[in-house]
Amino acid sequence: MSSTRASTRRIGPQGDDEGRWRLWGPYLSERQWGTVREDYSVNGDAWAYFPHDHARSRAYRWGEDGLGGICDEKQRLCFALALWNGRDPILKERAFGLTNGEGNHGEDVKEYYFYLDGTPSHSYLKYLYKYPLAPFPYHDLVAVNQSRGRHEFEYELLDTGVFDEDRYVDVTVEYAKAAHDDVLIRVTVDNRGPDEATVHVLPTLWFRNTWSWAEGSAKPRLSAADGPHGTVTVRAQHPELGDYDLRVHAPVPLLFTENETNNERLFGSPNASPYVKDGIGRAVVDGDEAAVNPAREGTKAAAHHTLTLPAGGTGTLRLRLAPAGAPTAASAEEFDTVFRDRIAEADAFYRDLTPRGAGEDEARVLRQALAGMLWTKQYYHFDLEAWLAEHGLGPWSPPSSSDLRNREWFHMVSDDIISMPDKWEYPWFAAWDLAFHSVALSVVDVRFAKEQLELLLRGTHLHPNGQIPAYEWNFGDVNPPVHAWAAYFVHMMDKLRTGHSDLDFLERVFQKLLTNFTWWVNRKDPGGRNVFQGGFLGLDNIGVFDRSAPLPTGGQLEQADGTAWMALYCQSMLQIALELVERNSAYEELILKFVEHYLWIAAAMDRVGDLDDGLWDEEDGFYYDVLRLPDGQAVRLKVRSMVGLLPLCASTVFEPRQLARVSGLGERLRRFADRHPSLSVTLASAGAGVEGGPRLLSVVDEKKLVRVLSRLLSEDEFLGPYGIRALSRHHAKNPYRFWVHGEEYQVGYLPAESDSGMFGGNSNWRGPVWFPVNALLIRGLLNLYGFYGDDLTVECPEGSGVRLNLFEVAKEIADRLTRTFLRDGDGRRPVYGGQEKFQSDPHWRDLITFSEYFHGDDGAGLGASHQTGWTGLVAALMTLFATAEPGDFLSRFTKDS
């Protein structure tokens with residue numbers, strides 16, 4: 001095999017070997033404590049039941065966590081770093097953060113770590129952690145944040161002063177694979193401070209505790225083993241995984257204990273053995289030598305390195321995790337050769353992905369965004385039937401026996417590698433997040449992207465009634481139905497790059513989505529009027545009320561966004577069916593089904609029956625939710641928000657050749673129009689355009705489109721310097737108020753964090769910029785351009801006198817989103833706001849995080865700091881607009897063959 005061919009098979013998403021190369025990866029969570037999976041409380045308070053203080057001493061039930069770690073694909077054997085600066089009260093084994101009740105803006109990690117590099121097969125990975133040399137301010141972070149109100153800034157780790165005078169070390173962990181099961185590990189520690197510093201570095205190997213939960217389960221074993229002179233070895237023996245050696249290239253002490261709960265410390269009951277999960281920490285920090293096993297065996301082990309580094313000095317550790325008995329690198333030079341080769345391959349891989357003409361900073365943002373996407377993979381294990389049984393519930397338990405969450409999901413078993421929103425703040429999947437993750441992942445690893453889209457549609461996840469599980473805190477909640485759109489997008493990306501249409505993938509997805517679509521129609525359109533509900537639909541606090549809770553007014557809420565999502569769902573299913581009908585004429589009936597569904601929904605967006613109480617407001621030229629009261633009255637809730645912009649997303653253009661595949665489609669639609677004359681206007685709009693040209697399905701006609709765009713593109717409303725805001729800035733001076741039983745409900749423009757605790761308070765849809773909905777708006781504009789072409793122009797920004805076509809408008813929005821991360825003319829990145837350390841320090845300024853959402857006026861990152869998942873869409877936007885021309889979107893819909 002040539003070196004080029006070998007490199008491709010090691011790194012890229014194709015090739016028969018590639019699946020084997022994913023055996024080991026960054027599948028370890030950043031946080032397992034405080035999750036629903038580990039919650040066995042009587043009141044469902046997961047944060048309080050398993051706090052950070054317990055994590056070092058208490059064996060987990062369903063997964064593991066660590067710093068910059070890796071594990072095998074079923075998380076049987078784990079590797080991560082532990083650190084001690086000689087001053088902390090505990091060993092640093094995992095990232096610390098605030099629980100939802102401790103933070104003044106909800107839960108939040110209070111550490112600085114960065115995903116710097118990675119390849120799809122994890123042949124090369126790079127992670128950086130910044131560890132202060134002063135005592136870590138655990139108590140200070142909690143106390144100060146708890147004392148602050150929601151209108152004050154969060155108190156961050158930099159604010160505590162522990163990084164003053166650069167008294168910290170950079171700890172960089174790199175992984176390079178010599179083979180699919182042979183992982184070389186390099187740990188580099190750089191003293192950034194002005195004085196000599198001693199740091200304890202403990203690379204740690206341990207087994208996930210699987211033996212305590214099932215009687216008769218075999219217990220794996222770690223033990224000290226012989227190795228070449230100048231090295232020490234930990235032998236790992238597992239009945240399924242096989243035997244592995246962790247070879248440490250230094251003659252350092254090996255410390256062994258058990259991955260078992262310290263019942264004595266936590267609960268005051270005796271331990272079965274003196275060797276428990278926190279034994280290594282007690283030995284290192286407290287000097288308790290009796291806490292580790294002198295026989296040098298157990299289920300958790302660490303190699304204790306003590307590095308004394310001069311000011312500006314560097315220390316390097318080398319380790320290798322490989323099958324027992326495998327040959328090892330004989331020298332540092334040979335070891336480094338493997339790293340040089342893997343890094344060179346990664347560089348070549350990303351050169352190919354980076355658009356031509358991209359500058360150094362753009363290439364850096366693209367690479368770190370995609371590295372974050374690859375690093376936030378996590379092994380996610382949750383058997384709901386077992387978990388519910390452990391809470392005393394069975395499938396036939398009476399409904400009144402418990403209000404335990406997720407009690408209707410007995411069928412669900414997850415034992416998979418899943419793309420997480422954020423492995424600390426959201427170390428569990430969310431349905432609509434995962435769809436956007438797949439779109440971003442399609443840039444770097446389309447195979448994994450397709451696997452993720454199919455994952456939630458399997459029988460182990462999809463509810464028998466057709467519902468897709470929403471997220472761990474409530475699988476029965478409702479996320480926007482974007483899976484069909486994401487599946488079609490990923491399919492087209494795959495087809496564009498390979499020239500091959502994976503119709504098998506599309507068909508598998510389509511068949512399962514049929515069930516989910518039916519669930520939506522039956523469950524979320526209670527009046528049968530094609531106006532949909534759905535609760536918060538991922539937009540948290542965007543509305544006047546908590547849309548997931550009973551309304552204080554009684555009655556029902558007809559949602560502009562819920563209805564628009566369903567219009568997009570119809571269009572996406574129609575697109576997939578038009579692909580599949582090419583090889584199976586049975587899809588012709590389904591094509592007509594989704595056309596008809598769409599027409600009913602589009603008509604309902606404008607009117608309901610004969611009453612002027614539809615979602616469209618002619619006076620304002622905008623879409624609003626409608627509150628339907630118990631007495632039959634209807635009230636439009638006139639909040640100008642993303643809810644009213646999402647109808648733009650439900651715009652899809654169809655090529656003439658696609659429609660020609662369906663025999664008699666035109667005649668059947670004419671018969672449908674004759675039967676339903678009230679839909680004739682909608683159908684005419686859907687068929688507008690020149691004879692033989694493209695056909696547009698859009699909730700908004702040209703007149704409505706121009707009116708909505710005038711608000712979208714106004715810098716006094718939605719168009720911010722770094723993307724489209726979730727709420728119009730009009731509400732900064734004119735908050736929307738609604739009174740119920742003497743109580744005022746108000747929505748005002750909040751460009752940063754939320755000022756309420758609705759949905760936990762760590763998320764805000766009342767002003768900030770969110771990448772996923774921005775990406776969908778861009779998608780809608782590009783489709784509309786594919787239909788209108790250069791004939792339709794609008795002012796952008798509104799009032800500027802500059803007129804742009806819709807392709808140029810879409811590109812302008814994408815450019816503003818991308819500028820969030822790029823250095824401006826003063827060398828500053830908007831994403832870091834006023835954090836001067838990140839803006840000017842050479843060891844910080846190029847370390848980019850991809851936050852959950854962004855300040856609506858200045859672009860500063862907010863919410864979860866490592867939610868690369870859907871913010872990683874920036875990589876897709878950068879590649880799309882660097883390679884696509886306006887003509888590409890016109891020719892796609894007008895070509896004859």
# chains A, B, ... in the order shown; residues from 1 in each chain; ligands from 1
$ residues_around --residues "Trp565 of chain A" --least-positions-apart "3" --cutoff "7 Å" --atoms "only C-alpha atoms" --output "VMD selection string"
chain A and resid 480 to 481 561 to 562 568 to 569
$ write_last_selection --atoms "N, CA and C atoms" --output "JSON list (two decimals), in the first residue's frame"
[["chain", "number", "residue", "atom", "x", "y", "z"],
["A", 480, "PRO", "N", -37.64, 20.63, 17.41],
["A", 480, "PRO", "CA", -38.07, 20.88, 16.02],
["A", 480, "PRO", "C", -37.75, 19.69, 15.11],
["A", 481, "PRO", "N", -38.66, 19.36, 14.19],
["A", 481, "PRO", "CA", -38.47, 18.20, 13.30],
["A", 481, "PRO", "C", -37.56, 18.53, 12.12],
["A", 561, "ASP", "N", -43.80, 29.02, 14.56],
["A", 561, "ASP", "CA", -42.60, 28.21, 14.31],
["A", 561, "ASP", "C", -42.97, 26.74, 14.17],
["A", 562, "GLY", "N", -43.85, 26.22, 15.04],
["A", 562, "GLY", "CA", -44.25, 24.82, 14.93],
["A", 562, "GLY", "C", -44.85, 24.51, 13.57],
["A", 568, "LEU", "N", -41.58, 22.79, 6.50],
["A", 568, "LEU", "CA", -40.24, 22.38, 6.09],
["A", 568, "LEU", "C", -40.12, 20.86, 6.10],
["A", 569, "TYR", "N", -40.73, 20.21, 7.09],
["A", 569, "TYR", "CA", -40.71, 18.75, 7.17],
["A", 569, "TYR", "C", -41.34, 18.15, 5.90]]
$ select_by_dssp --residues "segment 161-348 of chain A" --states "strand (DSSP E or B)" --output "ChimeraX atom specification"
/A:168-179,182-191,197-207,221-225,232-238,242-248,254-257,297-298,300-303,305-309,314-323
$ select_by_dssp --residues "segment 319-539 of chain A" --states "helix (DSSP H, G or I)" --output "PyMOL selection string"
chain A and resi 332-353+360-375+384-390+399-401+431-441+446-455+483-498+503-523
$ residues_around --residues "Lys593 of chain A" --least-positions-apart "5" --cutoff "10 Å" --atoms "only C-alpha atoms" --output "PDB file with N, CA and C atoms, in the first residue's frame"
ATOM      1  N   CYS A 570     -42.496  18.683   5.497  1.00  0.00           N
ATOM      2  CA  CYS A 570     -43.153  18.203   4.274  1.00  0.00           C
ATOM      3  C   CYS A 570     -42.242  18.381   3.061  1.00  0.00           C
ATOM      4  N   MET A 573     -39.309  15.859   3.165  1.00  0.00           N
ATOM      5  CA  MET A 573     -39.754  14.502   2.838  1.00  0.00           C
ATOM      6  C   MET A 573     -40.072  14.401   1.348  1.00  0.00           C
ATOM      7  N   LEU A 574     -40.618  15.457   0.786  1.00  0.00           N
ATOM      8  CA  LEU A 574     -40.893  15.486  -0.647  1.00  0.00           C
ATOM      9  C   LEU A 574     -39.595  15.411  -1.451  1.00  0.00           C
ATOM     10  N   TYR A 587     -43.093   5.399  -4.634  1.00  0.00           N
ATOM     11  CA  TYR A 587     -42.977   6.670  -3.918  1.00  0.00           C
ATOM     12  C   TYR A 587     -43.823   7.772  -4.549  1.00  0.00           C
ATOM     13  N   GLU A 588     -44.443   7.502  -5.719  1.00  0.00           N
ATOM     14  CA  GLU A 588     -45.276   8.526  -6.343  1.00  0.00           C
ATOM     15  C   GLU A 588     -46.432   8.933  -5.434  1.00  0.00           C
ATOM     16  N   TYR A 598     -48.323  19.765   2.578  1.00  0.00           N
ATOM     17  CA  TYR A 598     -47.709  21.083   2.552  1.00  0.00           C
ATOM     18  C   TYR A 598     -48.733  22.165   2.194  1.00  0.00           C
TER      19      TYR A 598
END
$ residues_around --residues "Ala449 of chain A" --least-positions-apart "5" --cutoff "6 Å" --atoms "only C-alpha atoms" --output "MDAnalysis selection string"
chainID A and resid 438 441:442
$ write_last_selection --atoms "N, CA and C atoms" --output "CSV table (one decimal), in the first residue's frame"
chain,number,residue,atom,x,y,z
A,438,SER,N,-24.9,16.8,12.4
A,438,SER,CA,-24.7,16.0,11.3
A,438,SER,C,-24.4,16.8,10.0
A,441,LEU,N,-20.8,17.9,10.6
A,441,LEU,CA,-19.9,16.8,10.4
A,441,LEU,C,-19.8,16.4,9.0
A,442,SER,N,-20.8,16.6,8.2
A,442,SER,CA,-20.7,16.2,6.8
A,442,SER,C,-19.5,16.9,6.0
$ closest_residue --among "A:Ala48, A:Met758, A:Val521, A:Ala301" --to "Val36 of chain A" --atoms "only C-alpha atoms"
A:Ala48
$ residues_around --residues "Val183 of chain A" --least-positions-apart "6" --cutoff "6 Å" --atoms "only C-alpha atoms" --output "list in words"
Ala176, Lys177, Arg320 and Leu321 of chain A
$ atom_distance --atom1 "atom CA of Val794 of chain A" --atom2 "atom CA of Arg695 of chain A"
21.6 Å
$ closest_residue --among "A:His238, A:Leu205, A:Lys837, A:Tyr488" --to "Leu157 of chain A" --atoms "only C-alpha atoms"
A:Lys837
$ atom_distance --atom1 "atom CA of Gly227 of chain A" --atom2 "atom CA of His180 of chain A"
22.2 Å
$ atom_distance --atom1 "atom CA of Glu73 of chain A" --atom2 "atom CA of His381 of chain A"
11.1 Å
$ residues_around --residues "Leu393 of chain A" --least-positions-apart "5" --cutoff "8 Å" --atoms "only C-alpha atoms" --output "compact mmCIF listing (two decimals) with N, CA and C atoms, in the first residue's frame"
# COMPACT_ATOMS: atom_id res chain seq x y z
N LEU A 388 -35.09 2.44 35.02
CA LEU A 388 -36.40 2.57 35.64
C LEU A 388 -36.66 1.45 36.65
N SER A 402 -45.57 6.90 40.33
CA SER A 402 -44.38 7.74 40.33
C SER A 402 -44.49 8.78 39.23
N ARG A 407 -40.49 7.82 32.17
CA ARG A 407 -41.07 6.54 32.53
C ARG A 407 -41.77 5.88 31.34
$ closest_residue --among "A:Val284, A:Thr188, A:Ala369, A:Tyr168" --to "Asp117 of chain A" --atoms "only C-alpha atoms"
A:Ala369
$ residues_around --residues "His461 of chain A" --least-positions-apart "3" --cutoff "12 Å" --atoms "only C-alpha atoms" --output "number ranges by chain"
A: 382-384, 409-416, 429, 431, 452-458, 464-472, 475-476, 512
$ write_last_selection --atoms "N, CA and C atoms" --output "compact mmCIF listing (two decimals), in the first residue's frame"
# COMPACT_ATOMS: atom_id res chain seq x y z
N PHE A 382 -27.17 4.19 28.21
CA PHE A 382 -28.36 4.42 29.03
C PHE A 382 -29.40 3.37 28.65
N ASP A 383 -29.62 2.42 29.52
CA ASP A 383 -30.65 1.40 29.34
C ASP A 383 -31.84 1.83 30.19
N LEU A 384 -32.87 2.36 29.56
CA LEU A 384 -33.98 2.94 30.33
C LEU A 384 -34.75 1.89 31.12
N TRP A 409 -40.38 5.44 28.40
CA TRP A 409 -39.34 5.11 27.42
C TRP A 409 -38.64 3.80 27.78
N PHE A 410 -39.40 2.80 28.22
CA PHE A 410 -38.81 1.52 28.62
C PHE A 410 -38.06 0.85 27.47
N HIS A 411 -38.48 1.11 26.26
CA HIS A 411 -37.88 0.43 25.11
C HIS A 411 -36.47 0.91 24.80
N MET A 412 -36.09 2.05 25.34
CA MET A 412 -34.90 2.76 24.84
C MET A 412 -33.62 2.21 25.44
N VAL A 413 -32.67 1.89 24.58
CA VAL A 413 -31.34 1.43 24.98
C VAL A 413 -30.32 2.14 24.09
N SER A 414 -29.48 2.93 24.71
CA SER A 414 -28.41 3.60 23.97
C SER A 414 -27.07 3.06 24.43
N ASP A 415 -26.27 2.64 23.49
CA ASP A 415 -24.95 2.05 23.76
C ASP A 415 -24.05 2.44 22.60
N ASP A 416 -23.89 3.76 22.39
CA ASP A 416 -23.38 4.26 21.13
C ASP A 416 -22.39 5.41 21.32
N PHE A 429 -27.28 13.65 24.30
CA PHE A 429 -27.72 14.12 22.99
C PHE A 429 -29.03 14.90 23.10
N ALA A 431 -32.16 15.97 20.19
CA ALA A 431 -32.55 15.53 18.86
C ALA A 431 -32.25 16.57 17.78
N GLN A 452 -25.10 9.20 12.56
CA GLN A 452 -25.77 9.94 13.62
C GLN A 452 -27.23 10.21 13.29
N LEU A 453 -27.52 10.49 12.02
CA LEU A 453 -28.91 10.74 11.63
C LEU A 453 -29.76 9.48 11.76
N GLU A 454 -29.16 8.34 11.49
CA GLU A 454 -29.92 7.09 11.60
C GLU A 454 -30.08 6.63 13.05
N LEU A 455 -29.19 7.09 13.91
CA LEU A 455 -29.15 6.60 15.28
C LEU A 455 -30.49 6.75 16.00
N LEU A 456 -31.04 7.96 16.01
CA LEU A 456 -32.27 8.21 16.78
C LEU A 456 -33.50 7.62 16.10
N LEU A 457 -33.34 7.11 14.89
CA LEU A 457 -34.47 6.49 14.18
C LEU A 457 -34.49 4.98 14.33
N ARG A 458 -33.50 4.44 15.03
CA ARG A 458 -33.49 3.00 15.28
C ARG A 458 -34.60 2.63 16.27
N PRO A 464 -42.06 3.58 19.96
CA PRO A 464 -42.99 2.83 19.12
C PRO A 464 -44.11 3.69 18.53
N ASN A 465 -44.44 4.80 19.19
CA ASN A 465 -45.48 5.67 18.65
C ASN A 465 -44.95 6.62 17.58
N GLY A 466 -43.64 6.59 17.35
CA GLY A 466 -43.04 7.42 16.30
C GLY A 466 -42.31 8.65 16.79
N GLN A 467 -42.31 8.92 18.09
CA GLN A 467 -41.63 10.11 18.59
C GLN A 467 -40.13 9.90 18.67
N ILE A 468 -39.38 10.91 18.23
CA ILE A 468 -37.92 10.92 18.38
C ILE A 468 -37.60 11.42 19.79
N PRO A 469 -36.73 10.74 20.56
CA PRO A 469 -36.41 11.22 21.91
C PRO A 469 -35.76 12.59 21.85
N ALA A 470 -36.22 13.49 22.70
CA ALA A 470 -35.78 14.88 22.64
C ALA A 470 -34.42 15.08 23.29
N TYR A 471 -34.32 14.85 24.60
CA TYR A 471 -33.09 15.04 25.34
C TYR A 471 -33.25 14.39 26.70
N GLU A 472 -32.13 14.15 27.39
CA GLU A 472 -32.12 13.28 28.55
C GLU A 472 -33.05 13.72 29.68
N PHE A 475 -37.12 12.90 27.56
CA PHE A 475 -37.15 12.33 26.21
C PHE A 475 -38.48 12.58 25.53
N GLY A 476 -39.54 12.77 26.31
CA GLY A 476 -40.86 12.98 25.74
C GLY A 476 -41.16 14.41 25.34
N LYS A 512 -38.38 5.48 8.40
CA LYS A 512 -38.56 5.76 9.82
C LYS A 512 -39.19 7.13 10.06
$ closest_residue --among "A:Asp39, A:Glu165, A:Asp182, A:Asp361" --to "Trp24 of chain A" --atoms "only C-alpha atoms"
A:Asp182
$ closest_residue --among "A:Asp502, A:Glu264, A:Glu582, A:Glu408" --to "Pro395 of chain A" --atoms "only C-alpha atoms"
A:Glu408
$ closest_residue --among "A:Thr354, A:Thr376, A:Thr553, A:Thr883" --to "His866 of chain A" --atoms "only C-alpha atoms"
A:Thr376
